[in-house]
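This report refers to the structure that appears directly beneath it.
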Amino acid sequence: MSRTSIVALVLFVAALGYLLSLGAGGTRKLQANVYQFLAPFLSSGSGIQKQITSVRSNLKSLDDLQGENNSLRVENRSLKATNQALRDVEHEVNRLRHALNYRERAVFKLVPAEVVARDSSTWWRTLTINRGKQDGIESDMPVVTDEGLVGKTTTVSVNITVVLLVSDENCRVAANVEGTREQGIVTGERVAGQSPLLNLNFLSKQANLQPGQKAYTSGVGGVFPPGLLIGNVKDFRVRELDGQAQLVPAVDLTKLEDVFVVVGRK
């Protein structure tokens, strides 16, 4: 047996003899001292365990929050879709109410129609509506909205009609200008890729029309009744033989959804 082993054995025997000599009271006192010595370490271990438990709890809370956040996102998207649908319905109701009010107060007999197709090429500007001969529609009838003149009917079938827009150069409209005696002919202008504009030709050189003045149908020619708003003056220029005004159409011809065909007077 090595010296180290002998020394350890002697110390163990001595310690055992000392403990046996203490009795019950001495043993408890020694245990108390040992626990007192180990207390800081035990407390530290307990704190670490609590921290580990807290971290696990927080991780679980984060998972719950992530799930709740995903649910709220789905709900938010659903609410946005519902809100947009309600706005679309409100827009549709307001549009139809507006059209109905115009029809009731108009001095003309109006047949409502929905735009089902359009051709906005440079050479030919037309749209197609879902009304035709069975609805009393014929060729060369004015087409309008509550804002003003749209054009006139051309090709008419049983339940479909092609409308030639006022912005087409083949649709000529006799017009006069508010507050003046000026009269002329409105024609469309071929401008690719731009919002349609109208030209009011054959004015006097002294007309000197101002931006914002309104041009109306004069009733000359028999197709368009007098008093329909065609557009507003954008600018005026003097040409070699006459004066010419450029008009902005009263109706936004690029966003038409519903129109009315004038079939007569009430």
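Chains: A, B, ... in order of the structure tokens. Residues: from 1 per chain. Ligands: from 1, in order shown.
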| said: According to DSSP computed on the backbone, where in region 108-152 of chain A is there strand (DSSP E)? Give the residues as JSON, numbers by chain. | reply: {"A": [108, 109, 110, 111, 112, 113, 114, 115, 116, 117, 118, 119, 120, 125, 126, 127, 128, 129, 142, 143, 144, 145, 148, 149, 150, 151, 152]}
| Where does DSSP see alpha helix (DSSP H) in region 62-234 of chain A, if you list the residues as a ChimeraX atom specification? | /A:62-105
Save the residues we just selected, N, CA and C atoms, as a tab-separated table (two decimals), in the first residue's frame?
```tsv
chain	number	residue	atom	x	y	z
A	62	LEU	N	-43.50	32.91	-26.69
A	62	LEU	CA	-43.17	33.42	-28.02
A	62	LEU	C	-43.87	32.61	-29.10
A	63	ASP	N	-43.91	31.30	-28.93
A	63	ASP	CA	-44.64	30.46	-29.88
A	63	ASP	C	-46.11	30.82	-29.92
A	64	ASP	N	-46.67	31.05	-28.72
A	64	ASP	CA	-48.09	31.43	-28.66
A	64	ASP	C	-48.32	32.77	-29.35
A	65	LEU	N	-47.39	33.72	-29.11
A	65	LEU	CA	-47.52	35.04	-29.73
A	65	LEU	C	-47.40	34.96	-31.24
A	66	GLN	N	-46.49	34.10	-31.73
A	66	GLN	CA	-46.34	33.94	-33.16
A	66	GLN	C	-47.60	33.39	-33.79
A	67	GLY	N	-48.19	32.39	-33.12
A	67	GLY	CA	-49.44	31.83	-33.61
A	67	GLY	C	-50.56	32.85	-33.61
A	68	GLU	N	-50.64	33.63	-32.54
A	68	GLU	CA	-51.67	34.67	-32.44
A	68	GLU	C	-51.45	35.74	-33.52
A	69	ASN	N	-50.18	36.09	-33.75
A	69	ASN	CA	-49.85	37.10	-34.77
A	69	ASN	C	-50.27	36.62	-36.15
A	70	ASN	N	-50.01	35.34	-36.45
A	70	ASN	CA	-50.41	34.78	-37.75
A	70	ASN	C	-51.93	34.81	-37.90
A	71	SER	N	-52.63	34.49	-36.83
A	71	SER	CA	-54.09	34.52	-36.87
A	71	SER	C	-54.60	35.94	-37.12
A	72	LEU	N	-53.95	36.91	-36.46
A	72	LEU	CA	-54.37	38.30	-36.64
A	72	LEU	C	-54.09	38.78	-38.07
A	73	ARG	N	-53.00	38.31	-38.66
A	73	ARG	CA	-52.71	38.68	-40.05
A	73	ARG	C	-53.77	38.14	-40.99
A	74	VAL	N	-54.13	36.89	-40.79
A	74	VAL	CA	-55.18	36.31	-41.63
A	74	VAL	C	-56.49	37.06	-41.45
A	75	GLU	N	-56.82	37.39	-40.23
A	75	GLU	CA	-58.06	38.13	-39.95
A	75	GLU	C	-58.01	39.52	-40.57
A	76	ASN	N	-56.82	40.15	-40.52
A	76	ASN	CA	-56.67	41.49	-41.09
A	76	ASN	C	-56.87	41.47	-42.60
A	77	ARG	N	-56.29	40.45	-43.27
A	77	ARG	CA	-56.48	40.33	-44.71
A	77	ARG	C	-57.95	40.10	-45.05
A	78	SER	N	-58.61	39.31	-44.23
A	78	SER	CA	-60.03	39.05	-44.46
A	78	SER	C	-60.85	40.33	-44.30
A	79	LEU	N	-60.52	41.11	-43.28
A	79	LEU	CA	-61.24	42.37	-43.05
A	79	LEU	C	-61.00	43.36	-44.19
A	80	LYS	N	-59.75	43.40	-44.70
A	80	LYS	CA	-59.45	44.29	-45.81
A	80	LYS	C	-60.25	43.90	-47.05
A	81	ALA	N	-60.31	42.59	-47.32
A	81	ALA	CA	-61.08	42.13	-48.47
A	81	ALA	C	-62.57	42.47	-48.32
A	82	THR	N	-63.09	42.28	-47.11
A	82	THR	CA	-64.49	42.61	-46.86
A	82	THR	C	-64.74	44.10	-47.01
A	83	ASN	N	-63.80	44.91	-46.51
A	83	ASN	CA	-63.94	46.36	-46.61
A	83	ASN	C	-63.93	46.81	-48.06
A	84	GLN	N	-63.04	46.21	-48.88
A	84	GLN	CA	-62.99	46.57	-50.29
A	84	GLN	C	-64.27	46.16	-51.00
A	85	ALA	N	-64.79	44.99	-50.65
A	85	ALA	CA	-66.04	44.54	-51.25
A	85	ALA	C	-67.19	45.49	-50.91
A	86	LEU	N	-67.22	45.95	-49.67
A	86	LEU	CA	-68.26	46.91	-49.26
A	86	LEU	C	-68.11	48.23	-50.00
A	87	ARG	N	-66.86	48.65	-50.21
A	87	ARG	CA	-66.64	49.89	-50.96
A	87	ARG	C	-67.12	49.74	-52.40
A	88	ASP	N	-66.84	48.58	-53.00
A	88	ASP	CA	-67.29	48.34	-54.37
A	88	ASP	C	-68.81	48.36	-54.45
A	89	VAL	N	-69.45	47.75	-53.47
A	89	VAL	CA	-70.91	47.74	-53.45
A	89	VAL	C	-71.44	49.16	-53.29
A	90	GLU	N	-70.82	49.92	-52.39
A	90	GLU	CA	-71.24	51.31	-52.18
A	90	GLU	C	-71.08	52.13	-53.45
A	91	HIS	N	-69.94	51.93	-54.14
A	91	HIS	CA	-69.71	52.64	-55.41
A	91	HIS	C	-70.78	52.29	-56.43
A	92	GLU	N	-71.09	51.00	-56.51
A	92	GLU	CA	-72.09	50.55	-57.48
A	92	GLU	C	-73.47	51.13	-57.16
A	93	VAL	N	-73.83	51.13	-55.89
A	93	VAL	CA	-75.13	51.67	-55.48
A	93	VAL	C	-75.21	53.17	-55.77
A	94	ASN	N	-74.14	53.90	-55.44
A	94	ASN	CA	-74.12	55.34	-55.70
A	94	ASN	C	-74.19	55.65	-57.19
A	95	ARG	N	-73.47	54.85	-57.99
A	95	ARG	CA	-73.47	55.06	-59.43
A	95	ARG	C	-74.86	54.83	-60.02
A	96	LEU	N	-75.50	53.76	-59.60
A	96	LEU	CA	-76.84	53.46	-60.10
A	96	LEU	C	-77.87	54.47	-59.62
A	97	ARG	N	-77.73	54.92	-58.37
A	97	ARG	CA	-78.65	55.93	-57.86
A	97	ARG	C	-78.49	57.24	-58.63
A	98	HIS	N	-77.24	57.59	-58.92
A	98	HIS	CA	-76.96	58.81	-59.66
A	98	HIS	C	-77.59	58.72	-61.06
A	99	ALA	N	-77.40	57.58	-61.71
A	99	ALA	CA	-77.95	57.39	-63.05
A	99	ALA	C	-79.47	57.44	-63.03
A	100	LEU	N	-80.07	56.83	-62.00
A	100	LEU	CA	-81.53	56.83	-61.90
A	100	LEU	C	-82.06	58.25	-61.71
A	101	ASN	N	-81.39	59.03	-60.88
A	101	ASN	CA	-81.82	60.41	-60.66
A	101	ASN	C	-81.75	61.22	-61.94
A	102	TYR	N	-80.67	61.01	-62.71
A	102	TYR	CA	-80.53	61.73	-63.98
A	102	TYR	C	-81.65	61.35	-64.94
A	103	ARG	N	-81.95	60.06	-64.99
A	103	ARG	CA	-83.00	59.59	-65.90
A	103	ARG	C	-84.34	60.21	-65.54
A	104	GLU	N	-84.60	60.35	-64.26
A	104	GLU	CA	-85.89	60.88	-63.82
A	104	GLU	C	-86.03	62.37	-64.11
A	105	ARG	N	-84.94	63.11	-64.02
A	105	ARG	CA	-85.05	64.56	-64.22
A	105	ARG	C	-84.77	65.00	-65.66
```
| task | Tell me, as a PyMOL selection string, which residues lie within 7 Å of region 168-178 of chain A, counting only C-alpha atoms; anything in the same chain fewer than 3 positions away does not count. | result | chain A and resi 124-125+164-165+182-189+213-220
| request: Find, counting only C-alpha atoms, the residue in A:Asn232, A:Val107, A:Thr161, A:Ser195 that gets nearest to Asp252 (chain A). | output: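 Using only C-alpha atoms, Asp252 (chain A) sits closest to A:Ser195.
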